[in-house]
>>> print(open('protein_24.tsv').read())   # TSV, C-alpha atoms
chain	number	residue	atom	x	y	z
A	1	MET	CA	4.54	1.08	16.60
A	2	ARG	CA	7.17	2.74	14.40
A	3	VAL	CA	7.44	6.52	14.19
A	4	ASP	CA	6.64	6.57	10.44
A	5	ASP	CA	3.51	4.53	11.11
A	6	CYS	CA	2.44	7.03	13.78
A	7	ILE	CA	2.99	9.92	11.36
A	8	GLY	CA	1.06	8.08	8.66
A	9	ARG	CA	-1.87	7.44	10.99
A	10	ALA	CA	-1.90	11.08	12.12
A	11	CYS	CA	-1.91	12.31	8.50
A	12	LYS	CA	-4.68	9.87	7.59
A	13	MET	CA	-6.78	11.05	10.52
A	14	LEU	CA	-6.27	14.68	9.51
A	15	VAL	CA	-7.41	13.97	5.94
A	16	LEU	CA	-10.37	11.98	7.27
A	17	LEU	CA	-11.43	14.77	9.61
A	18	VAL	CA	-11.22	17.40	6.88
A	19	VAL	CA	-13.22	15.36	4.36
A	20	LEU	CA	-15.89	14.17	6.78
A	21	LEU	CA	-16.37	17.52	8.47
A	22	PHE	CA	-16.63	19.18	5.06
A	23	SER	CA	-19.30	16.63	4.15
A	24	VAL	CA	-21.14	17.33	7.41
A	25	SER	CA	-20.95	21.10	6.99
A	26	CYS	CA	-22.33	20.93	3.43
A	27	SER	CA	-25.59	19.38	4.60
A	28	ALA	CA	-28.69	21.45	5.42
A	29	ARG	CA	-29.23	19.22	8.47
A	30	GLN	CA	-26.67	17.76	10.84
A	31	ARG	CA	-25.71	14.40	9.40
A	32	THR	CA	-24.91	11.47	11.62
A	33	VAL	CA	-21.55	9.75	11.16
A	34	TYR	CA	-21.77	6.03	11.98
A	35	CYS	CA	-18.39	4.42	12.75
A	36	MET	CA	-18.35	0.61	12.67
A	37	GLY	CA	-15.49	-1.47	14.04
A	38	GLU	CA	-13.79	-3.26	16.88
A	39	THR	CA	-13.36	-2.13	20.49
A	40	VAL	CA	-10.07	-2.67	22.32
A	41	LEU	CA	-8.50	-1.67	25.61
A	42	ASP	CA	-4.79	-1.04	24.92
A	43	ILE	CA	-2.40	-1.44	27.87
A	44	LEU	CA	1.03	0.05	27.19
A	45	PHE	CA	4.15	-1.40	28.81
A	46	ARG	CA	7.79	-0.43	28.97
A	47	GLY	CA	9.59	-3.55	30.03
A	48	ALA	CA	7.41	-5.11	32.74
A	49	VAL	CA	6.00	-1.77	33.90
A	50	PRO	CA	2.49	-0.75	32.71
A	51	LEU	CA	2.39	2.90	31.62
A	52	SER	CA	-1.22	3.53	30.59
A	53	ALA	CA	-4.50	1.96	29.51
A	54	ASN	CA	-6.33	3.54	26.56
A	55	THR	CA	-9.56	2.78	24.76
A	56	GLY	CA	-8.85	1.96	21.14
A	57	GLY	CA	-9.83	0.48	17.80
A	58	SER	CA	-9.42	2.25	14.45
A	59	ALA	CA	-13.08	3.16	13.89
A	60	LEU	CA	-13.56	3.96	17.58
A	61	ASN	CA	-10.64	6.41	17.50
A	62	SER	CA	-12.16	8.04	14.40
A	63	ALA	CA	-15.53	8.30	16.16
A	64	VAL	CA	-14.02	10.07	19.16
A	65	SER	CA	-11.95	12.45	17.02
A	66	LEU	CA	-14.94	13.39	14.86
A	67	SER	CA	-17.16	13.94	17.89
A	68	ARG	CA	-14.55	16.16	19.53
A	69	ALA	CA	-14.43	18.16	16.28
A	70	GLY	CA	-18.17	18.80	16.45
A	71	ALA	CA	-19.74	16.04	14.33
A	72	LYS	CA	-22.75	14.00	15.45
A	73	VAL	CA	-21.36	10.49	15.80
A	74	SER	CA	-22.66	7.04	16.73
A	75	PHE	CA	-20.52	3.92	17.16
A	76	ILE	CA	-21.50	0.43	15.93
A	77	GLY	CA	-19.78	-2.55	17.50
A	78	GLU	CA	-19.61	-5.02	20.36
A	79	VAL	CA	-18.26	-5.13	23.90
A	80	GLY	CA	-18.44	-7.81	26.54
A	81	ASN	CA	-20.76	-7.49	29.51
A	82	ASP	CA	-17.76	-6.89	31.76
A	83	SER	CA	-15.90	-4.04	33.47
A	84	THR	CA	-13.73	-3.42	30.40
A	85	GLY	CA	-16.83	-3.10	28.23
A	86	THR	CA	-18.34	-0.65	30.72
A	87	HIS	CA	-15.11	1.38	30.66
A	88	ILE	CA	-15.23	1.62	26.85
A	89	LEU	CA	-18.90	2.62	26.80
A	90	ASP	CA	-18.28	5.26	29.47
A	91	PHE	CA	-15.36	6.64	27.44
A	92	LEU	CA	-17.45	6.89	24.27
A	93	GLN	CA	-20.33	8.59	26.07
A	94	ALA	CA	-17.97	11.00	27.84
A	95	ASN	CA	-16.71	12.04	24.41
A	96	GLY	CA	-20.18	12.59	22.99
A	97	VAL	CA	-20.33	9.42	20.88
A	98	GLY	CA	-23.69	7.61	20.75
A	99	THR	CA	-23.62	4.02	22.01
A	100	SER	CA	-27.16	2.78	21.35
A	101	LEU	CA	-25.81	0.58	18.51
A	102	VAL	CA	-23.10	-1.05	20.64
A	103	ARG	CA	-24.14	-4.59	21.53
A	104	ARG	CA	-23.22	-5.93	24.99
A	105	CYS	CA	-22.48	-9.63	24.62
A	106	GLU	CA	-23.14	-11.95	27.55
A	107	GLY	CA	-20.31	-14.38	28.20
A	108	MET	CA	-17.82	-12.49	26.01
A	109	ARG	CA	-14.75	-10.73	27.37
A	110	THR	CA	-13.95	-7.39	25.78
A	111	THR	CA	-10.75	-7.46	23.72
A	112	VAL	CA	-7.56	-6.36	25.52
A	113	SER	CA	-4.18	-5.76	23.86
A	114	LEU	CA	-0.80	-5.51	25.57
A	115	ALA	CA	1.71	-3.27	23.78
A	116	TYR	CA	5.35	-3.77	24.83
A	117	LEU	CA	7.67	-0.90	23.87
A	118	ASN	CA	11.32	-1.54	23.06
A	119	GLU	CA	14.16	0.97	23.34
A	120	ARG	CA	13.11	2.58	20.00
A	121	ASN	CA	9.47	2.84	21.15
A	122	ASP	CA	8.40	0.22	18.62
A	123	ALA	CA	5.51	-1.79	20.03
A	124	ARG	CA	5.04	-5.57	20.07
A	125	TYR	CA	1.37	-6.44	20.53
A	126	VAL	CA	-0.28	-9.37	22.29
A	127	PHE	CA	-4.06	-9.61	21.90
A	128	PHE	CA	-6.55	-11.32	24.20
A	129	MET	CA	-9.69	-11.75	22.12
A	130	ASP	CA	-12.98	-13.48	22.73
A	131	MET	CA	-16.04	-14.23	20.60
A	132	PRO	CA	-19.72	-13.72	21.45
A	133	LYS	CA	-21.47	-16.88	22.57
A	134	ASP	CA	-24.38	-16.07	20.25
A	135	GLU	CA	-24.48	-14.98	16.63
A	136	ALA	CA	-27.03	-12.20	16.86
A	137	GLY	CA	-27.10	-9.97	13.81
A	138	VAL	CA	-25.77	-6.44	13.72
A	139	MET	CA	-28.06	-3.61	14.84
A	140	LEU	CA	-28.79	-1.58	11.71
A	141	PRO	CA	-29.18	2.18	12.18
A	142	ASP	CA	-31.99	4.24	10.71
A	143	PHE	CA	-29.84	5.81	7.99
A	144	GLN	CA	-31.02	9.09	6.47
A	145	LYS	CA	-29.93	10.34	3.07
A	146	ASP	CA	-26.38	11.73	3.15
A	147	ASP	CA	-25.59	10.27	6.59
A	148	ILE	CA	-22.08	8.81	6.67
A	149	LEU	CA	-20.92	5.25	7.36
A	150	LEU	CA	-17.22	4.79	8.17
A	151	LEU	CA	-15.59	1.37	8.47
A	152	GLY	CA	-12.23	-0.31	7.87
A	153	SER	CA	-10.87	-3.37	6.16
A	154	PHE	CA	-9.43	-5.24	9.15
A	155	TYR	CA	-12.85	-5.36	10.79
A	156	ALA	CA	-14.56	-6.27	7.52
A	157	VAL	CA	-12.08	-9.03	6.64
A	158	ASN	CA	-12.87	-11.02	9.80
A	159	PRO	CA	-14.98	-13.96	8.52
A	160	ARG	CA	-17.51	-13.59	11.34
A	161	ASN	CA	-18.05	-9.92	10.42
A	162	CYS	CA	-18.30	-10.12	6.63
A	163	GLN	CA	-22.02	-10.92	6.49
A	164	ARG	CA	-23.02	-8.20	8.94
A	165	VAL	CA	-20.75	-5.68	7.21
A	166	GLU	CA	-22.41	-6.43	3.88
A	167	GLN	CA	-25.86	-6.04	5.48
A	168	MET	CA	-24.78	-2.66	6.84
A	169	LEU	CA	-23.40	-1.55	3.47
A	170	ALA	CA	-26.52	-2.66	1.61
A	171	LYS	CA	-28.81	-0.67	3.91
A	172	ALA	CA	-26.54	2.38	3.89
A	173	ARG	CA	-26.48	2.43	0.11
A	174	ALA	CA	-30.24	1.83	-0.19
A	175	CYS	CA	-30.88	4.80	2.13
A	176	GLY	CA	-28.54	7.13	0.24
A	177	ALA	CA	-25.84	7.28	2.91
A	178	ILE	CA	-22.23	8.11	2.06
A	179	ILE	CA	-19.78	5.24	2.70
A	180	TYR	CA	-16.15	5.88	3.67
A	181	TYR	CA	-13.90	2.82	3.64
A	182	ASP	CA	-10.51	3.06	5.33
A	183	VAL	CA	-8.33	0.40	3.68
A	184	ASN	CA	-5.81	0.99	6.49
A	185	LEU	CA	-2.99	-0.77	4.64
A	186	ARG	CA	0.55	0.23	5.61
A	187	SER	CA	3.90	-1.19	4.56
A	188	THR	CA	3.95	-3.54	7.55
A	189	HIS	CA	0.67	-5.08	6.30
A	190	ALA	CA	1.81	-5.73	2.72
A	191	ALA	CA	1.90	-9.49	3.27
A	192	MET	CA	-1.78	-9.37	4.28
A	193	LEU	CA	-2.97	-7.87	0.99
A	194	PRO	CA	-4.21	-11.19	-0.46
A	195	GLN	CA	-6.26	-11.74	2.71
A	196	LEU	CA	-7.68	-8.21	2.58
A	197	MET	CA	-8.59	-8.14	-1.11
A	198	PRO	CA	-11.91	-10.08	-0.83
A	199	ALA	CA	-13.18	-7.55	1.74
A	200	ILE	CA	-11.92	-4.64	-0.37
A	201	TYR	CA	-13.70	-6.00	-3.45
A	202	MET	CA	-16.86	-6.68	-1.43
A	203	VAL	CA	-16.99	-3.13	-0.10
A	204	GLY	CA	-15.95	-1.65	-3.43
A	205	LYS	CA	-19.03	-2.87	-5.24
A	206	TYR	CA	-21.13	-0.47	-3.15
A	207	GLY	CA	-19.56	2.55	-4.79
A	208	ILE	CA	-17.70	4.16	-1.90
A	209	PHE	CA	-15.04	6.73	-1.12
A	210	ALA	CA	-11.91	4.87	-0.03
A	211	PHE	CA	-8.78	6.02	1.82
A	212	HIS	CA	-5.55	4.33	0.69
A	213	VAL	CA	-3.10	5.73	3.29
>>> encode(input="protein_24.tsv", output="C-alpha coordinates")
Amino acid sequence: MRVDDCIGRACKMLVLLVVLLFSVSCSARQRTVYCMGETVLDILFRGAVPLSANTGGSALNSAVSLSRAGAKVSFIGEVGNDSTGTHILDFLQANGVGTSLVRRCEGMRTTVSLAYLNERNDARYVFFMDMPKDEAGVMLPDFQKDDILLLGSFYAVNPRNCQRVEQMLAKARACGAIIYYDVNLRSTHAAMLPQLMPAIYMVGKYGIFAFHV
(Lines of atoms letter the chains of each structure in order from A and count residues from 1; the text may use other names and numbers.)
(Lines give C-alpha, C1' and ligand atoms only; values in the text may rest on other atoms or scores of the structure.)
Protein backbone atom coordinates (compact mmCIF):
# COMPACT_ATOMS: atom_id res chain seq x y z
CA MET A 1 0.00 0.00 0.00
CA ARG A 2 1.35 3.44 -0.91
CA VAL A 3 2.26 5.96 1.79
CA ASP A 4 -0.36 8.49 0.58
CA ASP A 5 -3.02 5.78 0.77
CA CYS A 6 -1.97 4.99 4.35
CA ILE A 7 -2.19 8.69 5.28
CA GLY A 8 -5.59 8.94 3.60
CA ARG A 9 -6.91 5.93 5.49
CA ALA A 10 -5.58 7.29 8.79
CA CYS A 11 -7.24 10.68 8.18
CA LYS A 12 -10.51 9.01 7.22
CA MET A 13 -10.45 6.91 10.38
CA LEU A 14 -9.80 10.00 12.50
CA VAL A 15 -12.77 11.82 10.94
CA LEU A 16 -14.92 8.72 11.38
CA LEU A 17 -13.98 8.35 15.04
CA VAL A 18 -14.70 12.00 15.79
CA VAL A 19 -18.10 11.99 14.07
CA LEU A 20 -19.27 8.66 15.45
CA LEU A 21 -18.08 9.29 18.98
CA PHE A 22 -19.74 12.72 18.91
CA SER A 23 -22.96 10.99 17.81
CA VAL A 24 -22.61 8.45 20.62
CA SER A 25 -21.88 11.10 23.26
CA CYS A 26 -24.94 13.17 22.24
CA SER A 27 -27.33 10.35 23.09
CA ALA A 28 -29.02 10.01 26.49
CA ARG A 29 -28.32 6.26 26.34
CA GLN A 30 -25.28 4.46 25.04
CA ARG A 31 -25.94 3.79 21.38
CA THR A 32 -24.72 0.65 19.71
CA VAL A 33 -22.56 1.00 16.60
CA TYR A 34 -23.08 -1.91 14.19
CA CYS A 35 -20.23 -2.39 11.70
CA MET A 36 -21.04 -4.61 8.71
CA GLY A 37 -18.39 -5.97 6.36
CA GLU A 38 -15.86 -8.60 5.41
CA THR A 39 -13.38 -10.42 7.63
CA VAL A 40 -9.82 -11.06 6.46
CA LEU A 41 -6.58 -12.37 7.91
CA ASP A 42 -3.76 -10.31 6.35
CA ILE A 43 -0.32 -11.96 6.19
CA LEU A 44 2.46 -9.49 5.43
CA PHE A 45 5.58 -10.57 3.54
CA ARG A 46 8.87 -8.95 2.65
CA GLY A 47 10.26 -11.04 -0.15
CA ALA A 48 9.56 -14.66 0.85
CA VAL A 49 9.71 -13.94 4.58
CA PRO A 50 6.41 -13.55 6.51
CA LEU A 51 6.51 -10.58 8.89
CA SER A 52 3.13 -10.58 10.63
CA ALA A 53 -0.47 -11.77 10.50
CA ASN A 54 -3.20 -9.24 11.30
CA THR A 55 -6.97 -9.39 11.47
CA GLY A 56 -8.47 -7.01 8.94
CA GLY A 57 -11.33 -5.77 6.82
CA SER A 58 -12.39 -2.11 6.54
CA ALA A 59 -15.52 -2.31 8.72
CA LEU A 60 -13.80 -4.68 11.15
CA ASN A 61 -10.92 -2.22 11.63
CA SER A 62 -13.47 0.55 12.27
CA ALA A 63 -15.27 -1.64 14.81
CA VAL A 64 -12.08 -2.29 16.76
CA SER A 65 -11.00 1.36 16.70
CA LEU A 66 -14.40 2.57 17.89
CA SER A 67 -14.52 -0.02 20.67
CA ARG A 68 -11.05 0.94 21.86
CA ALA A 69 -12.24 4.57 21.93
CA GLY A 70 -15.10 3.65 24.26
CA ALA A 71 -18.08 3.04 21.96
CA LYS A 72 -20.41 0.05 22.29
CA VAL A 73 -19.80 -1.90 19.08
CA SER A 74 -21.10 -5.07 17.44
CA PHE A 75 -19.77 -6.58 14.22
CA ILE A 76 -21.96 -8.10 11.47
CA GLY A 77 -20.33 -10.51 9.04
CA GLU A 78 -19.20 -14.04 8.29
CA VAL A 79 -16.25 -16.28 9.10
CA GLY A 80 -15.57 -19.88 8.26
CA ASN A 81 -15.85 -22.59 10.88
CA ASP A 82 -12.07 -22.93 10.90
CA SER A 83 -9.04 -21.89 12.96
CA THR A 84 -8.74 -18.58 11.09
CA GLY A 85 -12.37 -17.77 11.86
CA THR A 86 -11.79 -18.59 15.53
CA HIS A 87 -8.73 -16.31 15.55
CA ILE A 88 -10.79 -13.41 14.14
CA LEU A 89 -13.63 -13.92 16.62
CA ASP A 90 -11.16 -14.09 19.51
CA PHE A 91 -9.54 -10.85 18.32
CA LEU A 92 -12.87 -9.04 18.13
CA GLN A 93 -13.94 -10.24 21.57
CA ALA A 94 -10.57 -9.34 23.08
CA ASN A 95 -11.12 -5.80 21.81
CA GLY A 96 -14.61 -5.52 23.25
CA VAL A 97 -16.51 -5.94 19.97
CA GLY A 98 -19.72 -7.99 20.10
CA THR A 99 -19.75 -11.06 17.85
CA SER A 100 -23.28 -12.43 18.27
CA LEU A 101 -24.12 -11.26 14.73
CA VAL A 102 -21.11 -12.95 13.11
CA ARG A 103 -22.23 -16.07 11.26
CA ARG A 104 -19.93 -19.12 11.29
CA CYS A 105 -20.29 -20.85 7.93
CA GLU A 106 -19.77 -24.60 7.73
CA GLY A 107 -17.61 -25.65 4.80
CA MET A 108 -16.31 -22.13 4.14
CA ARG A 109 -12.70 -21.09 4.63
CA THR A 110 -12.18 -17.66 6.15
CA THR A 111 -10.64 -15.18 3.69
CA VAL A 112 -6.84 -14.83 3.82
CA SER A 113 -4.80 -12.20 1.97
CA LEU A 114 -1.06 -12.23 1.31
CA ALA A 115 0.53 -8.78 1.08
CA TYR A 116 3.98 -8.69 -0.56
CA LEU A 117 5.99 -5.54 0.14
CA ASN A 118 8.44 -4.18 -2.42
CA GLU A 119 11.46 -1.97 -1.71
CA ARG A 120 9.17 1.11 -1.42
CA ASN A 121 6.83 -0.72 1.00
CA ASP A 122 4.06 -0.78 -1.61
CA ALA A 123 2.00 -3.94 -1.19
CA ARG A 124 0.85 -6.40 -3.86
CA TYR A 125 -2.12 -8.42 -2.60
CA VAL A 126 -3.16 -11.99 -3.32
CA PHE A 127 -6.54 -13.04 -1.90
CA PHE A 128 -7.73 -16.54 -1.04
CA MET A 129 -11.51 -16.26 -0.79
CA ASP A 130 -14.26 -18.80 -0.32
CA MET A 131 -18.05 -18.64 -0.37
CA PRO A 132 -20.54 -20.12 2.12
CA LYS A 133 -22.05 -23.40 0.99
CA ASP A 134 -25.50 -22.13 1.99
CA GLU A 135 -27.26 -18.84 1.31
CA ALA A 136 -28.66 -18.15 4.75
CA GLY A 137 -29.86 -14.59 5.18
CA VAL A 138 -28.07 -11.97 7.23
CA MET A 139 -28.77 -11.81 10.97
CA LEU A 140 -30.60 -8.51 11.53
CA PRO A 141 -29.90 -6.72 14.81
CA ASP A 142 -32.56 -5.28 17.08
CA PHE A 143 -31.89 -1.66 16.10
CA GLN A 144 -32.97 1.06 18.52
CA LYS A 145 -33.60 4.65 17.51
CA ASP A 146 -30.34 6.54 16.95
CA ASP A 147 -28.19 3.39 16.93
CA ILE A 148 -25.55 3.56 14.19
CA LEU A 149 -24.97 1.27 11.20
CA LEU A 150 -21.60 1.57 9.46
CA LEU A 151 -20.81 -0.20 6.19
CA GLY A 152 -18.70 0.28 3.06
CA SER A 153 -19.13 0.11 -0.68
CA PHE A 154 -16.76 -2.76 -1.50
CA TYR A 155 -18.74 -5.11 0.72
CA ALA A 156 -22.06 -3.79 -0.58
CA VAL A 157 -21.06 -4.04 -4.26
CA ASN A 158 -20.46 -7.80 -4.05
CA PRO A 159 -23.48 -9.29 -5.88
CA ARG A 160 -24.01 -11.94 -3.19
CA ASN A 161 -24.17 -9.23 -0.50
CA CYS A 162 -26.42 -6.64 -2.18
CA GLN A 163 -29.72 -8.20 -1.10
CA ARG A 164 -28.69 -8.67 2.53
CA VAL A 165 -27.20 -5.17 2.64
CA GLU A 166 -30.48 -3.70 1.42
CA GLN A 167 -32.40 -5.72 4.03
CA MET A 168 -30.08 -4.34 6.71
CA LEU A 169 -30.49 -0.77 5.46
CA ALA A 170 -34.27 -1.05 5.27
CA LYS A 171 -34.53 -2.26 8.87
CA ALA A 172 -32.03 0.31 10.14
CA ARG A 173 -33.97 3.13 8.52
CA ALA A 174 -37.35 1.80 9.70
CA CYS A 175 -36.03 1.70 13.29
CA GLY A 176 -34.61 5.22 13.17
CA ALA A 177 -30.95 4.20 13.16
CA ILE A 178 -28.25 6.46 11.73
CA ILE A 179 -26.49 5.03 8.65
CA TYR A 180 -22.86 5.85 7.85
CA TYR A 181 -21.66 4.74 4.42
CA ASP A 182 -17.92 4.71 3.74
CA VAL A 183 -17.55 5.00 -0.04
CA ASN A 184 -13.87 4.09 0.44
CA LEU A 185 -12.89 5.28 -3.05
CA ARG A 186 -9.25 6.28 -3.51
CA SER A 187 -7.33 7.25 -6.64
CA THR A 188 -6.22 3.66 -7.19
CA HIS A 189 -9.90 2.61 -7.36
CA ALA A 190 -10.98 5.20 -9.95
CA ALA A 191 -11.40 2.56 -12.65
CA MET A 192 -13.88 0.73 -10.39
CA LEU A 193 -16.27 3.67 -10.09
CA PRO A 194 -18.75 2.34 -12.69
CA GLN A 195 -18.90 -0.96 -10.78
CA LEU A 196 -19.39 0.82 -7.45
CA MET A 197 -22.07 3.28 -8.56
CA PRO A 198 -25.06 0.86 -8.37
CA ALA A 199 -24.23 0.10 -4.72
CA ILE A 200 -23.69 3.80 -3.97
CA TYR A 201 -27.07 4.67 -5.52
CA MET A 202 -28.75 1.79 -3.69
CA VAL A 203 -27.42 2.92 -0.32
CA GLY A 204 -28.00 6.58 -1.10
CA LYS A 205 -31.75 6.20 -1.37
CA TYR A 206 -31.88 5.46 2.37
CA GLY A 207 -30.81 8.97 3.24
CA ILE A 208 -27.43 8.41 4.85
CA PHE A 209 -24.28 10.23 5.92
CA ALA A 210 -21.52 9.29 3.48
CA PHE A 211 -17.73 9.62 3.69
CA HIS A 212 -16.01 10.44 0.39
CA VAL A 213 -12.33 10.15 1.43
>>> closest_residue(input="protein_24.tsv", among="A:Asp146, A:His87, A:Tyr181, A:Arg68", to="Tyr201 in chain A", atoms="only C-alpha atoms")
A:Tyr181
>>> closest_residue(input="protein_24.tsv", among="A:Ile178, A:Arg31, A:Ala115, A:Ala71", to="Asn54 in chain A", atoms="only C-alpha atoms")
A:Ala115
>>> closest_residue(input="protein_24.tsv", among="A:Thr99, A:Ala156, A:Asp142, A:Leu151", to="Met36 in chain A", atoms="all atoms listed in the file")
A:Leu151
>>> closest_residue(input="protein_24.tsv", among="A:Leu92, A:Ile76, A:Ile43, A:Ala190", to="Leu149 in chain A", atoms="all atoms listed in the file")
A:Ile76
>>> closest_residue(input="protein_24.tsv", among="A:Ile148, A:Arg160, A:Leu193, A:Arg120", to="Ile179 in chain A", atoms="only C-alpha atoms")
A:Ile148
>>> atom_distance(input="protein_24.tsv", atom1="CA of Val112 in chain A", atom2="CA of Glu78 in chain A")
13.2 Å
>>> atom_distance(input="protein_24.tsv", atom1="CA of Gly98 in chain A", atom2="CA of Ala174 in chain A")
22.7 Å
>>> atom_distance(input="protein_24.tsv", atom1="CA of Cys162 in chain A", atom2="CA of Ala199 in chain A")
7.5 Å
>>> closest_residue(input="protein_24.tsv", among="A:Ser113, A:Asn121, A:Ser62, A:Thr84", to="Tyr180 in chain A", atoms="all atoms listed in the file")
A:Ser62
>>> closest_atom_pairs(input="protein_24.tsv", of="range 46-93 of chain A", to="range 126-132 of chain A", cutoff="12 Å", atoms="only C-alpha atoms", output="CSV")
residue,atom,partner,partner_atom,distance
A:Gly77,CA,A:Pro132,CA,11.8
A:Glu78,CA,A:Pro132,CA,8.8
A:Val79,CA,A:Pro132,CA,9.1
A:Gly80,CA,A:Pro132,CA,7.9
A:Asn81,CA,A:Pro132,CA,10.2
>>> axis_aligned_box(input="protein_24.tsv", around="range 154-166 of chain A", padding_each_side="5 Å", output="lines of an AutoDock Vina configuration file")
center_x = -16.2
center_y = -9.6
center_z = 7.6
size_x = 23.6
size_y = 18.7
size_z = 17.5
>>> build_atoms(input="protein_24.tsv", residues="range 72-86 of chain A", atoms="N, CA, C and O atoms", output="short mmCIF file (atom, residue, chain, number, x, y, z; two decimals), keeping the file's coordinate frame")
data_model
loop_
_atom_site.label_atom_id
_atom_site.label_comp_id
_atom_site.auth_asym_id
_atom_site.auth_seq_id
_atom_site.Cartn_x
_atom_site.Cartn_y
_atom_site.Cartn_z
N LYS A 72 -21.84 14.89 14.74
CA LYS A 72 -22.75 14.00 15.45
C LYS A 72 -22.38 12.57 15.08
O LYS A 72 -22.46 12.18 13.91
N VAL A 73 -21.97 11.79 16.07
CA VAL A 73 -21.36 10.49 15.80
C VAL A 73 -22.02 9.39 16.64
O VAL A 73 -22.36 9.61 17.81
N SER A 74 -22.18 8.22 16.02
CA SER A 74 -22.66 7.04 16.73
C SER A 74 -21.74 5.88 16.39
O SER A 74 -21.32 5.73 15.23
N PHE A 75 -21.42 5.05 17.38
CA PHE A 75 -20.52 3.92 17.16
C PHE A 75 -21.31 2.63 17.05
O PHE A 75 -22.28 2.41 17.80
N ILE A 76 -20.89 1.75 16.13
CA ILE A 76 -21.50 0.43 15.93
C ILE A 76 -20.46 -0.63 16.21
O ILE A 76 -19.40 -0.66 15.57
N GLY A 77 -20.74 -1.51 17.18
CA GLY A 77 -19.78 -2.55 17.50
C GLY A 77 -20.25 -3.43 18.63
O GLY A 77 -21.45 -3.50 18.94
N GLU A 78 -19.31 -4.09 19.29
CA GLU A 78 -19.61 -5.02 20.36
C GLU A 78 -18.64 -4.81 21.52
O GLU A 78 -17.47 -4.48 21.31
N VAL A 79 -19.12 -5.02 22.72
CA VAL A 79 -18.26 -5.13 23.90
C VAL A 79 -18.81 -6.28 24.74
O VAL A 79 -19.97 -6.68 24.61
N GLY A 80 -17.97 -6.80 25.61
CA GLY A 80 -18.44 -7.81 26.54
C GLY A 80 -19.24 -7.17 27.67
O GLY A 80 -19.13 -5.96 27.92
N ASN A 81 -20.01 -7.98 28.34
CA ASN A 81 -20.76 -7.49 29.51
C ASN A 81 -19.85 -7.60 30.74
O ASN A 81 -20.11 -8.36 31.67
N ASP A 82 -18.77 -6.83 30.71
CA ASP A 82 -17.76 -6.89 31.76
C ASP A 82 -17.29 -5.47 32.09
O ASP A 82 -17.74 -4.49 31.50
N SER A 83 -16.37 -5.36 33.04
CA SER A 83 -15.90 -4.04 33.47
C SER A 83 -15.18 -3.30 32.35
O SER A 83 -15.29 -2.07 32.22
N THR A 84 -14.43 -4.04 31.52
CA THR A 84 -13.73 -3.42 30.40
C THR A 84 -14.73 -2.85 29.40
O THR A 84 -14.55 -1.75 28.88
N GLY A 85 -15.80 -3.60 29.12
CA GLY A 85 -16.83 -3.10 28.23
C GLY A 85 -17.50 -1.85 28.77
O GLY A 85 -17.76 -0.89 28.03
N THR A 86 -17.76 -1.83 30.08
CA THR A 86 -18.34 -0.65 30.72
C THR A 86 -17.40 0.55 30.59
O THR A 86 -17.84 1.67 30.32
#
